[in-house]
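Written below as structure tokens is the structure these notes are about.
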Number of protein chains: 2
Amino acid sequence: MKEIDCAISALRSKNIRPSIARIKILEYLSHTTAHPTVEVIYHSLLPEIPTLSKATVYKTMSLLVEAGLARLLYGEDCEAHYDANISDHGHFQCTRCGRIYDFTVDLDNLEAEGLEGFTVVEKNIFFRGACPRCLSD
Amino acid sequence: MKEIDCAISALRSKNIRPSIARIKILEYLSHTTAHPTVEVIYHSLLPEIPTLSKATVYKTMSLLVEAGLARLLYGEDCEAHYDANISDHGHFQCTRCGRIYDFTVDLDNLEAEGLEGFTVVEKNIFFRGACPRCLSD
DNA sequence: TTTCGTGCAAATTATTTGCACTCCC
DNA sequence: GGGAGTGCAAATAATTTGCACGAAA
């Protein structure tokens, strides 16, 4: 199956109408490993879709993330969150209330493939889901 | 040792002059687990330091992160990065060139403590350091 | 025909910067 | 006095929103 048909059926399976912008964006996302920003997606597709606007890319990306066809690296919001606990530990963000919790994790024994030749300085682990406080409501 | 002295000596050890804003921000960061944003830090300290400005909080936070006294959750920039690869995998960002690489990781066997009662929907792992391309320069 | 997707522009929010003022060494 | 830290306001950057038009069901 061609990539474009792949994108179309992926959209259909989520009940998202396969418009030109949606198809092209999903197709572009699928064959790149560059983890592009909205800016990058916009400029990459502009030659192909000269009428494309950034607002459409933003709207399409939220749609795709909500449908589970794409994921957002880092947090939900674009605000920077800080932490003075420098030791390796994990963060859990509740998608309902937005609260962030720490948890303990052993990152030394983590098996990672594909990092040969890389110097790792910092390890972050980030989970999302629902916290007990919200689950009990 | 009192918390405030803790903060002062931490700053001194990094050759950062312990000004009132820096001490208070570091102290605040150290005894909270809420992973505050600049906005939150600013409003929490405003009663204590009525002359505080957000610009100072921003400047102080970059300083603390650079010195290794605090860490920034999520990426370096506040731009959202997207990925159509939904399977669990890790991301590595090179702090020199900014490129993001994927790597394979087995998150199922990860031992996490402190997540009893949580429903985990999504797992992200995020490393930072230097990539081979930059290391060979 | 009615709903949905798009594009523009304006609004909002997050962050950075330039500069003047002040406060210690 | 001079460099450093701060605060204000303006500038920039990222993202969201409102609205009108055109295309598709």
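Chain labels run A, B, ... following the order of the structure tokens; each chain numbers its residues from 1, and ligands are numbered from 1 in the order shown.
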
Pose of chain A fitted onto chain B, C-alpha LSQ, given as a short mmCIF file (atom, residue, chain, number, x, y, z; two decimals) with N, CA and C atoms, in the first residue's frame:
```cif
data_model
loop_
_atom_site.label_atom_id
_atom_site.label_comp_id
_atom_site.auth_asym_id
_atom_site.auth_seq_id
_atom_site.Cartn_x
_atom_site.Cartn_y
_atom_site.Cartn_z
N MET A 1 21.81 22.06 59.06
CA MET A 1 21.94 23.34 58.35
C MET A 1 20.55 23.78 57.86
N LYS A 2 20.31 25.04 58.02
CA LYS A 2 19.02 25.55 57.58
C LYS A 2 18.92 25.54 56.06
N GLU A 3 17.71 25.47 55.58
CA GLU A 3 17.49 25.41 54.13
C GLU A 3 18.12 26.58 53.39
N ILE A 4 18.00 27.73 54.02
CA ILE A 4 18.51 28.93 53.36
C ILE A 4 20.03 28.88 53.22
N ASP A 5 20.69 28.33 54.24
CA ASP A 5 22.15 28.21 54.18
C ASP A 5 22.56 27.17 53.15
N CYS A 6 21.74 26.15 53.07
CA CYS A 6 21.91 25.12 52.05
C CYS A 6 21.93 25.75 50.67
N ALA A 7 20.94 26.57 50.41
CA ALA A 7 20.82 27.23 49.11
C ALA A 7 22.02 28.12 48.86
N ILE A 8 22.42 28.87 49.88
CA ILE A 8 23.55 29.79 49.72
C ILE A 8 24.83 29.04 49.39
N SER A 9 25.07 27.94 50.10
CA SER A 9 26.33 27.24 49.84
C SER A 9 26.29 26.51 48.51
N ALA A 10 25.09 26.08 48.10
CA ALA A 10 24.96 25.45 46.78
C ALA A 10 25.31 26.46 45.70
N LEU A 11 24.84 27.68 45.85
CA LEU A 11 25.14 28.73 44.88
C LEU A 11 26.63 29.04 44.88
N ARG A 12 27.18 29.22 46.09
CA ARG A 12 28.62 29.54 46.21
C ARG A 12 29.46 28.47 45.53
N SER A 13 29.07 27.21 45.71
CA SER A 13 29.88 26.12 45.16
C SER A 13 29.92 26.16 43.63
N LYS A 14 28.98 26.88 43.04
CA LYS A 14 28.97 27.00 41.59
C LYS A 14 29.46 28.38 41.15
N ASN A 15 30.00 29.12 42.09
CA ASN A 15 30.48 30.47 41.81
C ASN A 15 29.37 31.41 41.34
N ILE A 16 28.19 31.21 41.91
CA ILE A 16 27.09 32.12 41.62
C ILE A 16 26.86 32.98 42.85
N ARG A 17 26.87 34.26 42.67
CA ARG A 17 26.71 35.14 43.81
C ARG A 17 25.31 34.97 44.41
N PRO A 18 25.24 34.70 45.69
CA PRO A 18 23.92 34.41 46.30
C PRO A 18 23.11 35.67 46.55
N SER A 19 22.41 36.10 45.53
CA SER A 19 21.53 37.26 45.70
C SER A 19 20.21 36.78 46.29
N ILE A 20 19.44 37.75 46.74
CA ILE A 20 18.17 37.41 47.39
C ILE A 20 17.26 36.60 46.48
N ALA A 21 17.14 37.02 45.23
CA ALA A 21 16.25 36.30 44.30
C ALA A 21 16.74 34.87 44.10
N ARG A 22 18.03 34.71 43.88
CA ARG A 22 18.58 33.38 43.63
C ARG A 22 18.40 32.46 44.82
N ILE A 23 18.68 32.99 46.02
CA ILE A 23 18.53 32.17 47.22
C ILE A 23 17.09 31.71 47.38
N LYS A 24 16.17 32.66 47.29
CA LYS A 24 14.76 32.35 47.53
C LYS A 24 14.21 31.38 46.49
N ILE A 25 14.62 31.57 45.25
CA ILE A 25 14.13 30.69 44.19
C ILE A 25 14.65 29.27 44.39
N LEU A 26 15.93 29.15 44.68
CA LEU A 26 16.51 27.82 44.87
C LEU A 26 15.90 27.15 46.10
N GLU A 27 15.73 27.93 47.16
CA GLU A 27 15.12 27.40 48.38
C GLU A 27 13.70 26.92 48.09
N TYR A 28 12.96 27.72 47.35
CA TYR A 28 11.59 27.35 47.01
C TYR A 28 11.55 26.07 46.19
N LEU A 29 12.41 26.01 45.19
CA LEU A 29 12.49 24.83 44.33
C LEU A 29 12.83 23.58 45.12
N SER A 30 13.69 23.75 46.12
CA SER A 30 14.19 22.59 46.85
C SER A 30 13.13 21.95 47.74
N HIS A 31 12.21 22.74 48.23
CA HIS A 31 11.25 22.13 49.14
C HIS A 31 9.86 21.96 48.54
N THR A 32 9.80 22.05 47.21
CA THR A 32 8.52 21.73 46.58
C THR A 32 8.72 20.54 45.65
N THR A 33 7.68 19.77 45.47
CA THR A 33 7.76 18.66 44.51
C THR A 33 6.78 18.92 43.36
N ALA A 34 6.34 20.16 43.26
CA ALA A 34 5.29 20.48 42.30
C ALA A 34 5.82 20.80 40.90
N HIS A 35 7.13 20.81 40.73
CA HIS A 35 7.72 21.11 39.42
C HIS A 35 7.14 22.38 38.83
N PRO A 36 7.32 23.46 39.53
CA PRO A 36 6.64 24.70 39.16
C PRO A 36 7.14 25.31 37.85
N THR A 37 6.28 26.07 37.23
CA THR A 37 6.64 26.88 36.07
C THR A 37 7.14 28.24 36.56
N VAL A 38 7.66 29.02 35.66
CA VAL A 38 8.12 30.36 36.02
C VAL A 38 6.97 31.15 36.64
N GLU A 39 5.83 31.06 36.01
CA GLU A 39 4.61 31.69 36.51
C GLU A 39 4.36 31.36 37.98
N VAL A 40 4.43 30.09 38.31
CA VAL A 40 4.14 29.63 39.67
C VAL A 40 5.21 30.11 40.65
N ILE A 41 6.47 30.00 40.25
CA ILE A 41 7.56 30.46 41.10
C ILE A 41 7.38 31.94 41.39
N TYR A 42 7.10 32.67 40.35
CA TYR A 42 6.94 34.12 40.48
C TYR A 42 5.86 34.48 41.50
N HIS A 43 4.70 33.87 41.34
CA HIS A 43 3.60 34.22 42.23
C HIS A 43 3.79 33.71 43.66
N SER A 44 4.54 32.62 43.78
CA SER A 44 4.77 32.10 45.12
C SER A 44 5.72 33.00 45.91
N LEU A 45 6.65 33.61 45.21
CA LEU A 45 7.66 34.41 45.90
C LEU A 45 7.29 35.88 46.00
N LEU A 46 6.29 36.30 45.25
CA LEU A 46 5.93 37.70 45.21
C LEU A 46 5.59 38.28 46.60
N PRO A 47 4.83 37.56 47.43
CA PRO A 47 4.54 38.09 48.77
C PRO A 47 5.81 38.35 49.57
N GLU A 48 6.80 37.47 49.37
CA GLU A 48 8.04 37.59 50.13
C GLU A 48 8.97 38.65 49.55
N ILE A 49 8.97 38.74 48.21
CA ILE A 49 9.83 39.70 47.51
C ILE A 49 8.95 40.52 46.58
N PRO A 50 8.33 41.57 47.09
CA PRO A 50 7.32 42.30 46.31
C PRO A 50 7.89 42.97 45.07
N THR A 51 9.21 43.16 45.03
CA THR A 51 9.80 43.83 43.87
C THR A 51 10.20 42.86 42.78
N LEU A 52 10.01 41.57 43.04
CA LEU A 52 10.43 40.54 42.07
C LEU A 52 9.76 40.73 40.71
N SER A 53 10.53 40.50 39.67
CA SER A 53 9.93 40.55 38.33
C SER A 53 10.10 39.20 37.65
N LYS A 54 9.22 38.92 36.69
CA LYS A 54 9.27 37.64 36.00
C LYS A 54 10.58 37.48 35.24
N ALA A 55 11.07 38.58 34.68
CA ALA A 55 12.32 38.50 33.92
C ALA A 55 13.44 37.97 34.81
N THR A 56 13.44 38.37 36.06
CA THR A 56 14.47 37.89 37.00
C THR A 56 14.31 36.40 37.23
N VAL A 57 13.07 35.94 37.35
CA VAL A 57 12.85 34.50 37.54
C VAL A 57 13.36 33.74 36.31
N TYR A 58 13.05 34.24 35.12
CA TYR A 58 13.54 33.59 33.90
C TYR A 58 15.06 33.55 33.89
N LYS A 59 15.68 34.71 34.17
CA LYS A 59 17.14 34.77 34.13
C LYS A 59 17.74 33.83 35.19
N THR A 60 17.18 33.84 36.37
CA THR A 60 17.70 33.00 37.45
C THR A 60 17.55 31.52 37.10
N MET A 61 16.41 31.15 36.51
CA MET A 61 16.21 29.75 36.17
C MET A 61 17.21 29.26 35.13
N SER A 62 17.50 30.06 34.11
CA SER A 62 18.50 29.61 33.13
C SER A 62 19.84 29.43 33.79
N LEU A 63 20.13 30.35 34.72
CA LEU A 63 21.40 30.29 35.45
C LEU A 63 21.48 28.99 36.26
N LEU A 64 20.42 28.67 36.97
CA LEU A 64 20.42 27.49 37.83
C LEU A 64 20.51 26.21 36.99
N VAL A 65 19.81 26.21 35.86
CA VAL A 65 19.84 25.02 35.00
C VAL A 65 21.25 24.84 34.43
N GLU A 66 21.83 25.96 34.00
CA GLU A 66 23.17 25.90 33.42
C GLU A 66 24.17 25.41 34.45
N ALA A 67 23.97 25.81 35.70
CA ALA A 67 24.90 25.42 36.76
C ALA A 67 24.63 24.00 37.26
N GLY A 68 23.53 23.42 36.83
CA GLY A 68 23.21 22.07 37.27
C GLY A 68 22.51 22.02 38.61
N LEU A 69 22.02 23.14 39.08
CA LEU A 69 21.32 23.16 40.36
C LEU A 69 19.83 22.91 40.20
N ALA A 70 19.35 23.00 38.98
CA ALA A 70 17.95 22.69 38.70
C ALA A 70 17.92 22.01 37.35
N ARG A 71 16.82 21.39 37.05
CA ARG A 71 16.71 20.82 35.72
C ARG A 71 15.39 21.22 35.10
N LEU A 72 15.43 21.21 33.78
CA LEU A 72 14.27 21.60 33.02
C LEU A 72 13.57 20.33 32.56
N LEU A 73 12.34 20.14 32.97
CA LEU A 73 11.60 19.00 32.44
C LEU A 73 11.26 19.30 30.99
N TYR A 74 11.12 18.27 30.20
CA TYR A 74 10.89 18.39 28.76
C TYR A 74 12.10 19.01 28.08
N GLY A 75 11.89 19.50 26.90
CA GLY A 75 13.01 19.89 26.05
C GLY A 75 13.63 21.22 26.38
N GLU A 76 14.57 21.58 25.59
CA GLU A 76 15.33 22.81 25.76
C GLU A 76 14.46 24.00 25.41
N ASP A 77 13.78 23.86 24.32
CA ASP A 77 12.98 24.95 23.81
C ASP A 77 11.53 24.71 24.19
N CYS A 78 10.72 25.72 24.02
CA CYS A 78 9.33 25.55 24.38
C CYS A 78 8.50 25.13 23.17
N GLU A 79 9.18 24.85 22.06
CA GLU A 79 8.43 24.43 20.89
C GLU A 79 8.01 22.97 20.99
N ALA A 80 6.84 22.68 20.54
CA ALA A 80 6.34 21.31 20.57
C ALA A 80 6.95 20.51 19.43
N HIS A 81 7.46 19.32 19.75
CA HIS A 81 7.98 18.42 18.72
C HIS A 81 7.04 17.24 18.60
N TYR A 82 6.77 16.83 17.36
CA TYR A 82 5.81 15.76 17.13
C TYR A 82 6.47 14.53 16.54
N ASP A 83 5.81 13.43 16.69
CA ASP A 83 6.35 12.14 16.28
C ASP A 83 5.17 11.25 15.91
N ALA A 84 5.25 10.60 14.77
CA ALA A 84 4.16 9.70 14.39
C ALA A 84 4.45 8.25 14.78
N ASN A 85 5.61 8.00 15.38
CA ASN A 85 5.95 6.66 15.85
C ASN A 85 5.36 6.49 17.24
N ILE A 86 4.25 5.74 17.30
CA ILE A 86 3.48 5.68 18.53
C ILE A 86 4.03 4.64 19.50
N SER A 87 4.80 3.68 18.98
CA SER A 87 5.32 2.63 19.86
C SER A 87 6.27 3.22 20.90
N ASP A 88 6.39 2.52 22.03
CA ASP A 88 7.28 3.01 23.08
C ASP A 88 8.72 3.03 22.58
N HIS A 89 9.32 4.15 22.63
CA HIS A 89 10.72 4.25 22.26
C HIS A 89 11.28 5.50 22.90
N GLY A 90 12.61 5.57 22.92
CA GLY A 90 13.24 6.69 23.59
C GLY A 90 13.67 7.78 22.61
N HIS A 91 13.86 8.96 23.14
CA HIS A 91 14.36 10.07 22.33
C HIS A 91 15.64 10.61 22.94
N PHE A 92 16.57 10.89 22.08
CA PHE A 92 17.84 11.45 22.52
C PHE A 92 18.02 12.79 21.83
N GLN A 93 18.21 13.83 22.62
CA GLN A 93 18.45 15.14 22.00
C GLN A 93 19.89 15.56 22.25
N CYS A 94 20.57 15.91 21.18
CA CYS A 94 21.94 16.39 21.29
C CYS A 94 21.90 17.86 21.72
N THR A 95 22.63 18.17 22.78
CA THR A 95 22.58 19.54 23.29
C THR A 95 23.43 20.48 22.45
N ARG A 96 24.23 19.92 21.54
CA ARG A 96 25.05 20.80 20.70
C ARG A 96 24.32 21.19 19.43
N CYS A 97 23.80 20.18 18.72
CA CYS A 97 23.19 20.50 17.43
C CYS A 97 21.67 20.51 17.50
N GLY A 98 21.11 20.02 18.60
CA GLY A 98 19.66 20.06 18.76
C GLY A 98 18.92 18.93 18.08
N ARG A 99 19.63 18.11 17.32
CA ARG A 99 18.99 17.00 16.62
C ARG A 99 18.38 16.01 17.60
N ILE A 100 17.29 15.40 17.21
CA ILE A 100 16.65 14.40 18.05
C ILE A 100 16.74 13.04 17.38
N TYR A 101 17.19 12.04 18.11
CA TYR A 101 17.32 10.69 17.60
C TYR A 101 16.38 9.76 18.35
N ASP A 102 15.91 8.73 17.67
CA ASP A 102 15.14 7.68 18.33
C ASP A 102 16.08 6.59 18.81
N PHE A 103 15.71 5.92 19.87
CA PHE A 103 16.41 4.69 20.20
C PHE A 103 15.41 3.69 20.78
N THR A 104 15.81 2.44 20.77
CA THR A 104 14.92 1.39 21.22
C THR A 104 15.14 1.14 22.70
N VAL A 105 14.07 0.97 23.41
CA VAL A 105 14.21 0.76 24.84
C VAL A 105 13.07 -0.14 25.30
N ASP A 106 13.38 -0.98 26.25
CA ASP A 106 12.35 -1.88 26.76
C ASP A 106 11.74 -1.28 28.03
N LEU A 107 10.61 -0.66 27.86
CA LEU A 107 10.01 0.04 29.00
C LEU A 107 9.12 -0.87 29.85
N ASP A 108 8.85 -2.07 29.34
CA ASP A 108 7.96 -2.95 30.10
C ASP A 108 8.64 -3.49 31.35
N ASN A 109 9.94 -3.70 31.23
CA ASN A 109 10.65 -4.27 32.37
C ASN A 109 11.24 -3.22 33.30
N LEU A 110 10.84 -2.00 33.08
CA LEU A 110 11.34 -0.93 33.90
C LEU A 110 10.74 -1.02 35.30
N GLU A 111 11.60 -0.95 36.30
CA GLU A 111 11.08 -1.01 37.66
C GLU A 111 10.81 0.40 38.16
N ALA A 112 9.55 0.67 38.43
CA ALA A 112 9.18 1.99 38.92
C ALA A 112 8.53 1.85 40.30
N GLU A 113 8.98 2.68 41.22
CA GLU A 113 8.39 2.68 42.55
C GLU A 113 7.67 3.98 42.79
N GLY A 114 6.49 3.90 43.37
CA GLY A 114 5.78 5.12 43.69
C GLY A 114 4.65 5.40 42.73
N LEU A 115 4.32 4.41 41.90
CA LEU A 115 3.22 4.61 40.96
C LEU A 115 2.05 3.67 41.26
N GLU A 116 1.97 3.24 42.50
CA GLU A 116 0.85 2.40 42.89
C GLU A 116 -0.42 3.24 42.83
N GLY A 117 -1.42 2.75 42.16
CA GLY A 117 -2.68 3.48 42.08
C GLY A 117 -2.77 4.42 40.89
N PHE A 118 -1.69 4.49 40.12
CA PHE A 118 -1.71 5.35 38.93
C PHE A 118 -2.03 4.51 37.70
N THR A 119 -2.75 5.10 36.76
CA THR A 119 -2.97 4.45 35.48
C THR A 119 -2.06 5.10 34.45
N VAL A 120 -1.08 4.35 33.98
CA VAL A 120 -0.13 4.91 33.03
C VAL A 120 -0.62 4.67 31.62
N VAL A 121 -0.76 5.73 30.86
CA VAL A 121 -1.27 5.63 29.51
C VAL A 121 -0.13 5.73 28.50
N GLU A 122 0.86 6.50 28.83
CA GLU A 122 1.90 6.79 27.87
C GLU A 122 3.25 6.90 28.56
N LYS A 123 4.26 6.29 27.96
CA LYS A 123 5.59 6.33 28.54
C LYS A 123 6.56 7.01 27.58
N ASN A 124 7.25 8.00 28.08
CA ASN A 124 8.25 8.67 27.28
C ASN A 124 9.58 8.60 27.99
N ILE A 125 10.61 8.40 27.23
CA ILE A 125 11.93 8.47 27.84
C ILE A 125 12.78 9.39 27.00
N PHE A 126 13.52 10.22 27.68
CA PHE A 126 14.16 11.33 27.01
C PHE A 126 15.56 11.52 27.57
N PHE A 127 16.55 11.33 26.72
CA PHE A 127 17.94 11.50 27.15
C PHE A 127 18.51 12.74 26.49
N ARG A 128 19.50 13.31 27.12
CA ARG A 128 20.22 14.41 26.49
C ARG A 128 21.72 14.19 26.60
N GLY A 129 22.46 14.72 25.67
CA GLY A 129 23.90 14.57 25.69
C GLY A 129 24.48 14.99 24.35
N ALA A 130 25.52 14.30 23.94
CA ALA A 130 26.18 14.66 22.68
C ALA A 130 26.07 13.49 21.71
N CYS A 131 25.79 13.79 20.45
CA CYS A 131 25.63 12.74 19.45
C CYS A 131 26.95 12.49 18.74
N PRO A 132 27.11 11.32 18.10
CA PRO A 132 28.39 10.96 17.45
C PRO A 132 28.84 12.00 16.43
N ARG A 133 27.87 12.53 15.69
CA ARG A 133 28.20 13.51 14.67
C ARG A 133 28.93 14.71 15.29
N CYS A 134 28.42 15.18 16.45
CA CYS A 134 29.04 16.33 17.10
C CYS A 134 30.33 15.94 17.81
N LEU A 135 30.37 14.70 18.33
CA LEU A 135 31.56 14.25 19.06
C LEU A 135 32.76 14.12 18.14
N SER A 136 32.51 13.85 16.85
CA SER A 136 33.63 13.63 15.93
C SER A 136 34.16 14.95 15.37
N ASP A 137 33.50 16.05 15.68
CA ASP A 137 33.97 17.34 15.16
C ASP A 137 35.20 17.83 15.93
#
```

Between chain C and chain B, at 9 Å or less, what are the per-residue closest atom pairs and their distances in Å? Count only C-alpha atoms (C1' of nucleotides), order by chain and rising residue number, and return it as a tab-separated table.
```
residue	atom	partner	partner_atom	distance
C:DA14	C1'	B:Cys78	CA	8.3
C:DT15	C1'	B:Tyr58	CA	7.9
C:DT16	C1'	B:Ala55	CA	8.4
```

Could you work out which residues of chain D fall inside 9 Å of chain B? Count only C-alpha atoms (C1' of nucleotides), and format the result as a PyMOL selection string. chain D and resi 4-8+14

Go ahead and dump the residues you just picked, all heavy atoms, as a CSV table (one decimal), in the first residue's frame.
```csv
chain,number,residue,atom,x,y,z
D,4,DA,P,30.9,41.3,36.2
D,4,DA,OP1,31.6,39.9,36.2
D,4,DA,OP2,30.4,41.8,34.9
D,4,DA,O5',29.7,41.2,37.2
D,4,DA,C5',30.0,41.2,38.6
D,4,DA,C4',28.7,41.1,39.4
D,4,DA,O4',28.1,42.4,39.4
D,4,DA,C3',27.6,40.2,38.7
D,4,DA,O3',26.9,39.5,39.7
D,4,DA,C2',26.7,41.2,37.9
D,4,DA,C1',26.8,42.4,38.8
D,4,DA,N9,26.7,43.7,38.1
D,4,DA,C8,27.2,44.1,36.9
D,4,DA,N7,26.9,45.3,36.6
D,4,DA,C5,26.1,45.8,37.6
D,4,DA,C6,25.5,47.0,37.9
D,4,DA,N6,25.5,48.0,37.0
D,4,DA,N1,24.8,47.1,39.0
D,4,DA,C2,24.7,46.1,39.9
D,4,DA,N3,25.3,44.9,39.8
D,4,DA,C4,26.0,44.8,38.6
D,5,DG,P,25.7,38.5,39.4
D,5,DG,OP1,25.8,37.4,40.3
D,5,DG,OP2,25.7,38.3,37.9
D,5,DG,O5',24.5,39.4,39.8
D,5,DG,C5',24.3,39.7,41.2
D,5,DG,C4',23.0,40.4,41.3
D,5,DG,O4',23.0,41.7,40.7
D,5,DG,C3',21.8,39.6,40.7
D,5,DG,O3',20.7,39.7,41.7
D,5,DG,C2',21.5,40.4,39.5
D,5,DG,C1',21.9,41.8,39.8
D,5,DG,N9,22.3,42.6,38.7
D,5,DG,C8,23.1,42.3,37.6
D,5,DG,N7,23.3,43.2,36.8
D,5,DG,C5,22.6,44.3,37.3
D,5,DG,C6,22.4,45.6,36.8
D,5,DG,O6,22.9,46.1,35.8
D,5,DG,N1,21.6,46.4,37.7
D,5,DG,C2,21.1,45.9,38.8
D,5,DG,N2,20.3,46.8,39.5
D,5,DG,N3,21.2,44.7,39.3
D,5,DG,C4,22.0,43.9,38.5
D,6,DT,P,19.3,39.1,41.4
D,6,DT,OP1,18.8,38.6,42.6
D,6,DT,OP2,19.4,38.2,40.2
D,6,DT,O5',18.5,40.4,41.0
D,6,DT,C5',18.4,41.4,41.9
D,6,DT,C4',17.6,42.5,41.3
D,6,DT,O4',18.3,43.1,40.2
D,6,DT,C3',16.2,42.1,40.7
D,6,DT,O3',15.2,42.8,41.5
D,6,DT,C2',16.2,42.6,39.3
D,6,DT,C1',17.4,43.6,39.2
D,6,DT,N1,18.2,43.6,38.0
D,6,DT,C2,18.3,44.8,37.3
D,6,DT,O2,17.7,45.9,37.7
D,6,DT,N3,19.0,44.8,36.2
D,6,DT,C4,19.7,43.7,35.6
D,6,DT,O4,20.3,43.9,34.6
D,6,DT,C5,19.5,42.5,36.3
D,6,DT,C7,20.2,41.3,35.8
D,6,DT,C6,18.8,42.5,37.5
D,7,DG,P,13.7,42.4,41.3
D,7,DG,OP1,13.0,42.7,42.6
D,7,DG,OP2,13.6,41.1,40.7
D,7,DG,O5',13.2,43.6,40.3
D,7,DG,C5',13.3,44.9,40.7
D,7,DG,C4',12.8,45.8,39.6
D,7,DG,O4',13.7,45.8,38.5
D,7,DG,C3',11.4,45.3,39.0
D,7,DG,O3',10.6,46.5,38.7
D,7,DG,C2',11.9,44.6,37.7
D,7,DG,C1',13.1,45.4,37.3
D,7,DG,N9,14.1,44.7,36.5
D,7,DG,C8,14.4,43.4,36.6
D,7,DG,N7,15.4,43.1,35.7
D,7,DG,C5,15.6,44.2,35.0
D,7,DG,C6,16.5,44.5,33.9
D,7,DG,O6,17.3,43.7,33.4
D,7,DG,N1,16.5,45.8,33.5
D,7,DG,C2,15.6,46.8,34.0
D,7,DG,N2,15.7,48.0,33.5
D,7,DG,N3,14.8,46.5,35.0
D,7,DG,C4,14.8,45.3,35.5
D,8,DC,P,9.1,46.3,38.6
D,8,DC,OP1,8.5,47.1,39.8
D,8,DC,OP2,8.7,44.9,38.4
D,8,DC,O5',8.7,47.1,37.3
D,8,DC,C5',9.3,48.4,37.1
D,8,DC,C4',9.6,48.6,35.6
D,8,DC,O4',10.7,47.7,35.2
D,8,DC,C3',8.5,48.2,34.7
D,8,DC,O3',7.9,49.4,34.1
D,8,DC,C2',9.1,47.4,33.6
D,8,DC,C1',10.6,47.6,33.8
D,8,DC,N1,11.4,46.4,33.5
D,8,DC,C2,12.4,46.5,32.5
D,8,DC,O2,12.6,47.6,32.0
D,8,DC,N3,13.1,45.4,32.2
D,8,DC,C4,12.9,44.2,32.8
D,8,DC,N4,13.6,43.2,32.5
D,8,DC,C5,11.9,44.1,33.8
D,8,DC,C6,11.1,45.2,34.1
D,14,DA,P,9.4,30.2,17.8
D,14,DA,OP1,10.3,29.0,17.9
D,14,DA,OP2,9.0,30.7,16.5
D,14,DA,O5',8.1,29.9,18.6
D,14,DA,C5',8.2,29.4,19.9
D,14,DA,C4',6.9,29.1,20.5
D,14,DA,O4',6.1,30.4,20.5
D,14,DA,C3',6.0,28.2,19.6
D,14,DA,O3',5.5,27.2,20.5
D,14,DA,C2',5.0,29.1,19.0
D,14,DA,C1',4.8,30.2,20.0
D,14,DA,N9,4.4,31.5,19.4
D,14,DA,C8,4.9,32.1,18.4
D,14,DA,N7,4.4,33.3,18.2
D,14,DA,C5,3.4,33.4,19.1
D,14,DA,C6,2.5,34.4,19.5
D,14,DA,N6,2.3,35.5,18.8
D,14,DA,N1,1.7,34.2,20.5
D,14,DA,C2,1.8,33.0,21.2
D,14,DA,N3,2.6,32.0,21.0
D,14,DA,C4,3.4,32.3,20.0
```

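Atom pair atom C1' of DC21 of chain C / atom C1' of DT12 of chain D has a distance of 24.7 Å (rounded to one decimal).
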
Calculate how many Å separate atom C1' of DC24 of chain C from atom C1' of DA9 of chain D, rounding to one decimal. 25.8 Å

Can you list, as a CSV table (one decimal) with C-alpha atoms, in the first residue's frame, all residues belonging to segment 5-56 of chain A that DSSP tags as alpha helix (DSSP H)?
```
chain,number,residue,atom,x,y,z
A,5,ASP,CA,-3.2,5.4,1.2
A,6,CYS,CA,-1.8,4.4,4.5
A,7,ALA,CA,-2.3,7.9,5.8
A,8,ILE,CA,-5.9,8.0,4.4
A,9,SER,CA,-6.9,4.8,6.0
A,10,ALA,CA,-5.3,5.7,9.3
A,11,LEU,CA,-7.4,8.9,9.3
A,12,ARG,CA,-10.6,7.0,8.3
A,13,SER,CA,-10.1,4.5,11.1
A,20,ILE,CA,-5.5,17.3,1.9
A,21,ALA,CA,-3.7,19.0,4.8
A,22,ARG,CA,-4.3,16.1,7.2
A,23,ILE,CA,-3.1,13.5,4.7
A,24,LYS,CA,0.0,15.3,3.8
A,25,ILE,CA,0.9,16.1,7.4
A,26,LEU,CA,0.4,12.6,8.5
A,27,GLU,CA,2.3,11.2,5.5
A,28,TYR,CA,5.2,13.7,6.2
A,29,LEU,CA,5.3,12.7,9.9
A,30,SER,CA,5.3,9.0,9.1
A,38,VAL,CA,5.0,23.0,13.7
A,39,GLU,CA,7.4,25.4,12.1
A,40,VAL,CA,9.3,22.6,10.3
A,41,ILE,CA,6.2,20.8,9.2
A,42,TYR,CA,4.8,24.0,7.8
A,43,HIS,CA,7.8,24.9,5.8
A,44,SER,CA,8.3,21.4,4.5
A,45,LEU,CA,4.8,21.2,3.1
A,54,LYS,CA,0.4,27.6,10.2
A,55,ALA,CA,-3.0,27.7,12.0
A,56,THR,CA,-4.0,24.6,10.0
```

Figure out the distance between atom C1' of DT12 of chain C and atom C1' of DT16 of chain D, please, to one decimal in Å. 7.1 Å

Apply DSSP to the structure's backbone, then extract all residues of segment 8-135 of chain A labelled strand (DSSP E or B) and return them as an MDAnalysis selection string. chainID A and resid 37 71:73 81:83 90:94 100:105 112:113 119:130

10 Å contact set for DA23 of chain D, only C-alpha atoms (C1' of nucleotides), chain neighbours under 3 positions out, as a compact mmCIF listing (two decimals) with C-alpha atoms (C1' of nucleotides), in the first residue's frame:
```
# COMPACT_ATOMS: atom_id res chain seq x y z
C1' DC C 4 -16.56 20.74 8.00
C1' DG C 5 -11.86 22.29 6.83
C1' DT C 6 -9.12 26.05 5.75
```

Distance query DA20 of chain D at most 10 Å, only C-alpha atoms (C1' of nucleotides), self and fewer than 2 positions along chain excluded, as a PyMOL selection string: (chain C and resi 7-8) or (chain D and resi 18+22)
